[in-house]
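Undergrad: Quick one: the structure is below, questions incoming.
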Amino acid sequence: MRLLARSLVLGLVVSSVGLVGCSAYQQLRLDRRHGDERVRDRVALRLPAGAIDYAAEVRPILEARCVVCHACYDAPCQLKLGSSEGIDRGASKERVYDARRLFQADLTRLFEDAQTTAAWRSKKFHPVLNERAQTRSVNRDAGLLHRLLELKRDNPVTPGTLLPDDVDLRLRHDEQCPTIAQLRRHARKHPDWGMPYGLPGLSPREHEIVTRWLAEGALHVPPPPLAQPLVAEVAAWEAFLNQDSFKARLASRYIYEHLFLAHLYFGDGEVTTAPVYFDLVRSRTPPGQPIDRIATRRPYDDPGVARPYYRLQPVREAIVAKLHLPYRLDAARMQRWQALFHDADYTVAALPGYAPEVASNPFVAFRAIPVPSRYRFMLDESEFTMMGFIKGAVCRGPIALNVIDDQFWVFFVDPDAKTQLHDAEFLYRHAESLRLPAEASSNAPPLVTWIRQSRNEKAYAAARGRALREDLAGSGKVTLDLLWAGDGHNPNAALTVFRHFDSASVVKGMVGEGPKTVWVLGYPLLERIHYLLVAGFDVYGNVGHQMATRAYMDFLRMEAEFTFLTLLPAAARAAERQFWYRDTRERAYRDIVDELSAVKVDSAIPFTSDEPKPELYRMLSKHLAAVRDDSRGLGDPRIPGEVVTSLRALATVRGVTAGWLPQTAFLYLPDAPAGAEVFTILRNDGHTNIASPFGEHERRAPDEDTLTVVRGLIGTYPNAFYVVERARLDEFVAQVAALRSAADYAALQVGFGVRRTDADFWPTSDRLVELYRRDRPVEAGLLDLGRYENR
C-alpha cells in the first residue's frame with residue numbers, strides 16, 4: 001500500500017509538471033535555438049542605409065491598425081503600441097481592470113512607474129520583440145509581434161462575414177496573453193487570433209514595412225529636439241508655474257492637480273493643424289535641468305521632496321481620442337491665471353501638507369485660495385473639467401458609468417451668485433462632511449466607507465439646505481439669474497453628456513432633445529466631482545475603493561439634479577423626482593433624496609404652460625443664446641435641406657425600434673455637396689432609475705429609448721459605421737424605422753453597414769479619422785475600435 005501511495009503521488013507530480021512544464025520546455029528549445037535572452041537597447045543615433053524608419057514609416061501603420069485597440073488602460077495584455085517605449089515594454093498577463101480584487105494592484109503606467117525596459121521586466125512584462133540573438137531570422141521567429149502578424153496573414157478573416165465564435169469580443173473576454181514560448185500552442189488553439197484581432201489584416205505593403213522593421217531589429221532614432229519657439233514657450237510657462245512665494249506655489253499645486261491629465265498646447269488664434277502636446281508633471285528637478293518625474297498613485301500624494309517643480313514634458317504616445325484632453329496655453333491664459341491666483345487679495349502663511357485627510361480634501365488643502373478664483377478657473381474650461389471624469393481612467397466601465405443617464409445637459413451656478421456654498425469658510429467648516437472616498441486609500445473597506453459616506457452626505461445635505469434657505473431669505477425665490485451665462489462670451493456655460501454604456505462623451509451646447517434630467521453644478525459640487533473621479537480615483541484600486549467612488553457619485557448626481565428641480569414650480573418637482581427615481585429600493589439612497597427634497601425654495605421663473613420642464617428648456621436655450629454652441633446641430637447651412645430633413649426623421653425613431661441600433665454609430669455621407677460629411681447616431685437608453693451599480697438590465701426601460709443625431713463625431717468607441725450615399729439616405733432612414741428583428745438589422749448591415757471583416761473596413765476607418773482631424777484638429781485623436789460590433 002505504501003508503495004502504491006508513493007506511485008500515485010509520483011504520478012500526480014509528473015502529471016502536474018507535464019501540464020505546467022510545456023511552456024518551460026518550449027522556452028528551453030527557444031534558448032537553445034536563439035541564444036540567451038537579454039533586454040536590448042533599440043535606440044540608434046542613426047539608422048543603417050536603407051533601413052526602415054520607425055517614425056516615418058512604421059509608426060503611422062501601427063497607429064492606424066494597432067493602437068486603435070492597444071492604447072488605453074484596457075489595452076489587451078497591457079500592450080500599448082502608441083510609442084516605441086510601449087512596444088519595448090511589452091505585454092503582461094495582469095489586468096488593470098479587475099472589479100473583484102481585494103487589494104490595490106501595483107501601478108503599471110507607461111512613462112511613470114518604470115523608465116526602462118529592464119524595469120518593466122522586473123514588473124513581469126514579457127517582450128513582444130525578439131530579445132535574443134539579433135539576426136533577421138531570429139527577429140522574426142522569436143518575436144511575438146511578428147509571429148502574431150504572420151498568424152493573421154496565414155488565417156485572414158473571410159470578407160463580409162461574421163467572425164467565428166472563437167473570436168471573443170466581449171469586454172471581459174479571456175485575453176490569454178501568451179509569451180513567445182507559449183505562442184505555438186496558442187496559435188494551434190486559436191488560429192483566428194492573429195493581429196489585428198478580429199479585424200482585417202495589414203495590407204501587403206503595410207505588412208512588408210512592419211515585418212522588415214521587426215526583422216531589422218525594431219530600431220528607432222531619438223525624437224528630434226523641440227523647435228526653438230516651443231523651447232521658449234516651455235521656459236516661459238515653467239517660470240510662471242515655479243515662482244517662489246507660498247502663494248504662487250499653492251496656486252501651481254492647485255493648477256497641477258486639475259491639469260495633470262491635460263494635453264497642453266500653445267497657440268494664439270485659430271489652430272488648424274494638430275499641435276505639439278505636453279504633459280504637466282511634477283519633477284524633482286527645477287526648470288533648466290532634465291525632468292526627473294515624480295510618480296505617485298494620485299496627483300496630490302506626497303511627492304517625497306521638500307519642493308516639487310512643475311514641468312512641461314512632450315507627449316510621446318500616439319494621440320488617442322479616449323485619452324485626449326486638449327487644453328490651450330496662450331498669453332490670455334497666463335494673464336487670466338495671474339489675475340485669479342497671483343493678483344487676488346489673499347495671503348498664504350504656510351503650505352498645506354500631504355496627509356491624506358488634507359490632500360484629498362480640496363476644501364482643506366486650498367482653503368486659502370478664494371473660491372471665486374478656484375471656481376472661475378474650473379468654469380473657464382468646464383468642458384475640459386467635466387471631460388476629466390468622462391475621458392480619464394474609465395476606459396471601460398459599465399458599472400462606473402451607470403451612475404449617469406444616457407443623455408443630460410449641464411449648467412452652472414453663476415460665480416457671482418451670493419451663496420454660502422461659494423464661501424471658503426463655510427466649506428471649511430463642513431470639511432468633515434465633504435470628505436472624499438480616496439482619503440481611505442485604494443484599499444478602502446466597502447461597508448465602512450459606505451456607511452461613513454452616507455452619513456456625511458446626509459449631514460452636508462442638511463447644512464446645504466439651511467444655507468440655501470438663508471441665502472434666499474430676502475427674495476425667497478430662484479430665477480434664471482442663478483445660472484452662469486458664460487459672462488456673455490464663454491460657450492462652456494452649457495454642456496451635454498452622453499453615456500454609451502461603457503464609455504461616455506461631453507460636448508459644448510444643448511445637444512439633442514430635452515433630456516430626462518439636467519445637472520446644475522456649483523463650485524463645491526464641481527470640485528468634488530473632480531477630486532472624486534479624476535484626482536482621487538485609482539483605476540488600480542480594490543473593489544472597496546471602486547464601489548465607494550461609484551456610491552459617492554450617486555450623491556453628487558442627486559445634488560446636481562435637485563438643484564435643477566429648484567428652477568421648476570414647486571408643484572412640478574415631486575412628480576419629476578418620482579419619475580427619475582422610480583423603483584428605487586436602497587434605503588440610504590431614499591434618505592438622501594428626502595433630505596435634498598426638504599429644501600423648500602420657490603421659483604420666480606414665470607411659467608405659463610402646464611408642461612413646465614419643456615418650457616424651462618426653451619427659456620434656458622434663450623437665456624444662453626449668446627454663448628450656446630450649436631456646431632453639433634443640424635442647422636449648418638452647408639448641409640442640404642433634404643439631408644437635414646432625413647436626419648431629423650431618423651432622430652424621431654424611438655422605443656424598442658431604436659434599441660436595435662448600437663450605442664454609437666458613425667453615419668458617413670461620402671458625396672455631400674461641401675465634401676464628405678460624417679454624423680453620429682447615438683442611442684440613449686431609458687432606465688427606471690440609476691440608483692444601483694448592479695442589475696442594470698433589470699432597470700432598463702426600452703420603450704423610453706431615443707436617438708440623437710449630431711453633426712461630426714461624438715464618442716471615442718464607435719460600434720458601427722454606415723456608409724450612405726445621399727440618394728439612398730431616405731431608404732436608410734426607412735429601414736432603421738422598420739427594425740423589428742435581428743434579420744432586419746442584418747439586412748441594414750448588408751445594405752449600408754461596414755462589418756469588421758469587410759474589405760472596406762480600414763479605408764472607411766481611415767477616412768473617418770481624416771474627417772475628424774479636418775473638422776476638429778485640436779480635439780481629434782485615434783478612435784478605439786475595441787467595441788466595434790460583430791453582427
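Chains: A, B, ... in order of the C-alpha cells. Residues: from 1 per chain. Ligands: from 1, in order shown.
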Skipping near chain neighbours, those fewer than 6 positions away, what residues fall within 8 Å of range 509-514 of chain A using only C-alpha atoms, listed as an MDAnalysis selection string?
TA: chainID A and resid 409 491:492 494:496 614 617 621 628:630 632:633 708:710
Undergrad: Give the answer as one residue: which of A:Val394, A:Val724, A:Val315, A:Ala431 has the shortest atom-to-atom distance to Glu357 in chain A, using only C-alpha atoms?
TA: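 Of all the options, A:Ala431 lies closest to Glu357 in chain A.
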Undergrad: Among range 566-727 of chain A, which residues carry a DSSP assignment of alpha helix (DSSP H), reported as a ChimeraX atom specification?
TA: /A:570-580,587-597,612-623,641-650
Undergrad: So that I can see what lies close to Gly194 in chain A, please list as a PDB file with all heavy atoms, in the first residue's frame the residues with an atom at most 8 Å from it, counting only C-alpha atoms and leaving out residues fewer than 2 positions away in the same chain.
TA:
```pdb
ATOM      1  N   LEU A 148       2.487  37.117 -34.425  1.00  0.00           N
ATOM      2  CA  LEU A 148       1.049  37.368 -34.400  1.00  0.00           C
ATOM      3  C   LEU A 148       0.568  38.027 -35.690  1.00  0.00           C
ATOM      4  O   LEU A 148      -0.550  37.785 -36.154  1.00  0.00           O
ATOM      5  CB  LEU A 148       0.686  38.232 -33.191  1.00  0.00           C
ATOM      6  CG  LEU A 148       0.771  37.514 -31.839  1.00  0.00           C
ATOM      7  CD1 LEU A 148       0.642  38.501 -30.696  1.00  0.00           C
ATOM      8  CD2 LEU A 148      -0.291  36.422 -31.732  1.00  0.00           C
ATOM      9  N   LEU A 149       1.408  38.863 -36.282  1.00  0.00           N
ATOM     10  CA  LEU A 149       1.075  39.428 -37.592  1.00  0.00           C
ATOM     11  C   LEU A 149       1.048  38.321 -38.656  1.00  0.00           C
ATOM     12  O   LEU A 149       0.194  38.306 -39.552  1.00  0.00           O
ATOM     13  CB  LEU A 149       2.078  40.511 -37.974  1.00  0.00           C
ATOM     14  CG  LEU A 149       2.035  41.800 -37.142  1.00  0.00           C
ATOM     15  CD1 LEU A 149       3.201  42.707 -37.511  1.00  0.00           C
ATOM     16  CD2 LEU A 149       0.716  42.533 -37.365  1.00  0.00           C
ATOM     17  N   GLU A 150       1.998  37.400 -38.569  1.00  0.00           N
ATOM     18  CA  GLU A 150       2.041  36.286 -39.507  1.00  0.00           C
ATOM     19  C   GLU A 150       0.838  35.369 -39.316  1.00  0.00           C
ATOM     20  O   GLU A 150       0.289  34.815 -40.278  1.00  0.00           O
ATOM     21  CB  GLU A 150       3.337  35.501 -39.326  1.00  0.00           C
ATOM     22  CG  GLU A 150       4.582  36.223 -39.789  1.00  0.00           C
ATOM     23  CD  GLU A 150       4.623  36.374 -41.305  1.00  0.00           C
ATOM     24  OE1 GLU A 150       4.288  35.405 -42.017  1.00  0.00           O
ATOM     25  OE2 GLU A 150       4.984  37.467 -41.775  1.00  0.00           O
ATOM     26  N   LEU A 151       0.409  35.191 -38.051  1.00  0.00           N
ATOM     27  CA  LEU A 151      -0.753  34.361 -37.786  1.00  0.00           C
ATOM     28  C   LEU A 151      -1.987  34.927 -38.472  1.00  0.00           C
ATOM     29  O   LEU A 151      -2.807  34.169 -39.015  1.00  0.00           O
ATOM     30  CB  LEU A 151      -0.971  34.252 -36.274  1.00  0.00           C
ATOM     31  CG  LEU A 151      -2.106  33.331 -35.804  1.00  0.00           C
ATOM     32  CD1 LEU A 151      -1.842  31.887 -36.217  1.00  0.00           C
ATOM     33  CD2 LEU A 151      -2.285  33.438 -34.286  1.00  0.00           C
ATOM     34  N   LYS A 152      -2.130  36.226 -38.465  1.00  0.00           N
ATOM     35  CA  LYS A 152      -3.258  36.854 -39.159  1.00  0.00           C
ATOM     36  C   LYS A 152      -3.130  36.647 -40.665  1.00  0.00           C
ATOM     37  O   LYS A 152      -4.119  36.355 -41.348  1.00  0.00           O
ATOM     38  CB  LYS A 152      -3.335  38.335 -38.820  1.00  0.00           C
ATOM     39  CG  LYS A 152      -4.304  39.149 -39.659  1.00  0.00           C
ATOM     40  CD  LYS A 152      -5.761  38.733 -39.453  1.00  0.00           C
ATOM     41  CE  LYS A 152      -6.250  39.177 -38.100  1.00  0.00           C
ATOM     42  NZ  LYS A 152      -7.703  38.959 -37.944  1.00  0.00           N
ATOM     43  N   ARG A 153      -1.925  36.816 -41.199  1.00  0.00           N
ATOM     44  CA  ARG A 153      -1.744  36.654 -42.650  1.00  0.00           C
ATOM     45  C   ARG A 153      -2.064  35.221 -43.078  1.00  0.00           C
ATOM     46  O   ARG A 153      -2.643  34.993 -44.139  1.00  0.00           O
ATOM     47  CB  ARG A 153      -0.325  37.016 -43.063  1.00  0.00           C
ATOM     48  CG  ARG A 153      -0.156  37.100 -44.589  1.00  0.00           C
ATOM     49  CD  ARG A 153       1.196  37.580 -44.993  1.00  0.00           C
ATOM     50  NE  ARG A 153       2.244  36.597 -44.705  1.00  0.00           N
ATOM     51  CZ  ARG A 153       3.465  36.629 -45.232  1.00  0.00           C
ATOM     52  NH1 ARG A 153       3.794  37.617 -46.070  1.00  0.00           N
ATOM     53  NH2 ARG A 153       4.357  35.719 -44.918  1.00  0.00           N
ATOM     54  N   ASN A 155      -4.162  33.254 -41.529  1.00  0.00           N
ATOM     55  CA  ASN A 155      -5.566  32.958 -41.220  1.00  0.00           C
ATOM     56  C   ASN A 155      -6.388  34.242 -41.337  1.00  0.00           C
ATOM     57  O   ASN A 155      -6.885  34.784 -40.334  1.00  0.00           O
ATOM     58  CB  ASN A 155      -5.707  32.376 -39.808  1.00  0.00           C
ATOM     59  CG  ASN A 155      -4.946  31.091 -39.621  1.00  0.00           C
ATOM     60  OD1 ASN A 155      -5.439  30.009 -39.905  1.00  0.00           O
ATOM     61  ND2 ASN A 155      -3.711  31.201 -39.134  1.00  0.00           N
ATOM     62  N   PRO A 191      -6.283  29.796 -33.994  1.00  0.00           N
ATOM     63  CA  PRO A 191      -5.657  30.267 -35.242  1.00  0.00           C
ATOM     64  C   PRO A 191      -6.215  31.594 -35.746  1.00  0.00           C
ATOM     65  O   PRO A 191      -5.550  32.295 -36.512  1.00  0.00           O
ATOM     66  CB  PRO A 191      -5.950  29.130 -36.227  1.00  0.00           C
ATOM     67  CG  PRO A 191      -7.159  28.432 -35.659  1.00  0.00           C
ATOM     68  CD  PRO A 191      -6.999  28.523 -34.176  1.00  0.00           C
ATOM     69  N   ASP A 192      -7.420  31.949 -35.310  1.00  0.00           N
ATOM     70  CA  ASP A 192      -8.041  33.203 -35.774  1.00  0.00           C
ATOM     71  C   ASP A 192      -7.719  34.391 -34.882  1.00  0.00           C
ATOM     72  O   ASP A 192      -8.312  35.455 -35.034  1.00  0.00           O
ATOM     73  CB  ASP A 192      -9.562  33.029 -35.862  1.00  0.00           C
ATOM     74  CG  ASP A 192      -9.969  32.017 -36.918  1.00  0.00           C
ATOM     75  OD1 ASP A 192      -9.430  32.091 -38.034  1.00  0.00           O
ATOM     76  OD2 ASP A 192     -10.808  31.150 -36.617  1.00  0.00           O
ATOM     77  N   PRO A 196      -4.176  42.328 -36.628  1.00  0.00           N
ATOM     78  CA  PRO A 196      -5.128  42.909 -35.678  1.00  0.00           C
ATOM     79  C   PRO A 196      -6.258  41.924 -35.330  1.00  0.00           C
ATOM     80  O   PRO A 196      -6.814  41.282 -36.210  1.00  0.00           O
ATOM     81  CB  PRO A 196      -5.676  44.129 -36.410  1.00  0.00           C
ATOM     82  CG  PRO A 196      -4.679  44.441 -37.476  1.00  0.00           C
ATOM     83  CD  PRO A 196      -4.108  43.118 -37.875  1.00  0.00           C
ATOM     84  N   TYR A 197      -6.566  41.858 -34.055  1.00  0.00           N
ATOM     85  CA  TYR A 197      -7.509  40.881 -33.532  1.00  0.00           C
ATOM     86  C   TYR A 197      -8.927  41.177 -34.016  1.00  0.00           C
ATOM     87  O   TYR A 197      -9.453  42.279 -33.841  1.00  0.00           O
ATOM     88  CB  TYR A 197      -7.466  40.918 -32.006  1.00  0.00           C
ATOM     89  CG  TYR A 197      -8.383  39.927 -31.316  1.00  0.00           C
ATOM     90  CD1 TYR A 197      -8.007  38.612 -31.165  1.00  0.00           C
ATOM     91  CD2 TYR A 197      -9.612  40.342 -30.807  1.00  0.00           C
ATOM     92  CE1 TYR A 197      -8.828  37.704 -30.518  1.00  0.00           C
ATOM     93  CE2 TYR A 197     -10.439  39.452 -30.155  1.00  0.00           C
ATOM     94  CZ  TYR A 197     -10.054  38.121 -30.014  1.00  0.00           C
ATOM     95  OH  TYR A 197     -10.876  37.239 -29.377  1.00  0.00           O
ATOM     96  N   GLY A 198      -9.555  40.179 -34.658  1.00  0.00           N
ATOM     97  CA  GLY A 198     -10.941  40.296 -35.076  1.00  0.00           C
ATOM     98  C   GLY A 198     -11.177  41.329 -36.146  1.00  0.00           C
ATOM     99  O   GLY A 198     -12.306  41.798 -36.321  1.00  0.00           O
TER     100      GLY A 198
END
```
Undergrad: What's around Asn719 in chain A at 8 Å? Count only C-alpha atoms, leave out sequence neighbours fewer than 5 positions away in its own chain, and write the answer as a PyMOL selection string.
TA: chain A and resi 662-665+785+787-789
Undergrad: Name the residues in contact with His34 in chain A at a cut-off of 9 Å, using only C-alpha atoms, excluding same-chain residues fewer than 5 positions from it; report them as a compact mmCIF listing (two decimals) with C-alpha atoms, in the first residue's frame.
TA:
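Dumped everything to out-v6.txt:
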```txt
# COMPACT_ATOMS: atom_id res chain seq x y z
CA ARG A 29 14.08 24.91 -27.06
CA ARG A 132 17.76 37.00 -28.22
CA ALA A 133 20.35 36.77 -31.00
CA GLN A 134 19.84 39.76 -33.28
CA VAL A 138 15.67 35.17 -35.19
CA ASP A 141 10.95 33.62 -35.34
CA ALA A 142 11.46 34.78 -31.74
```
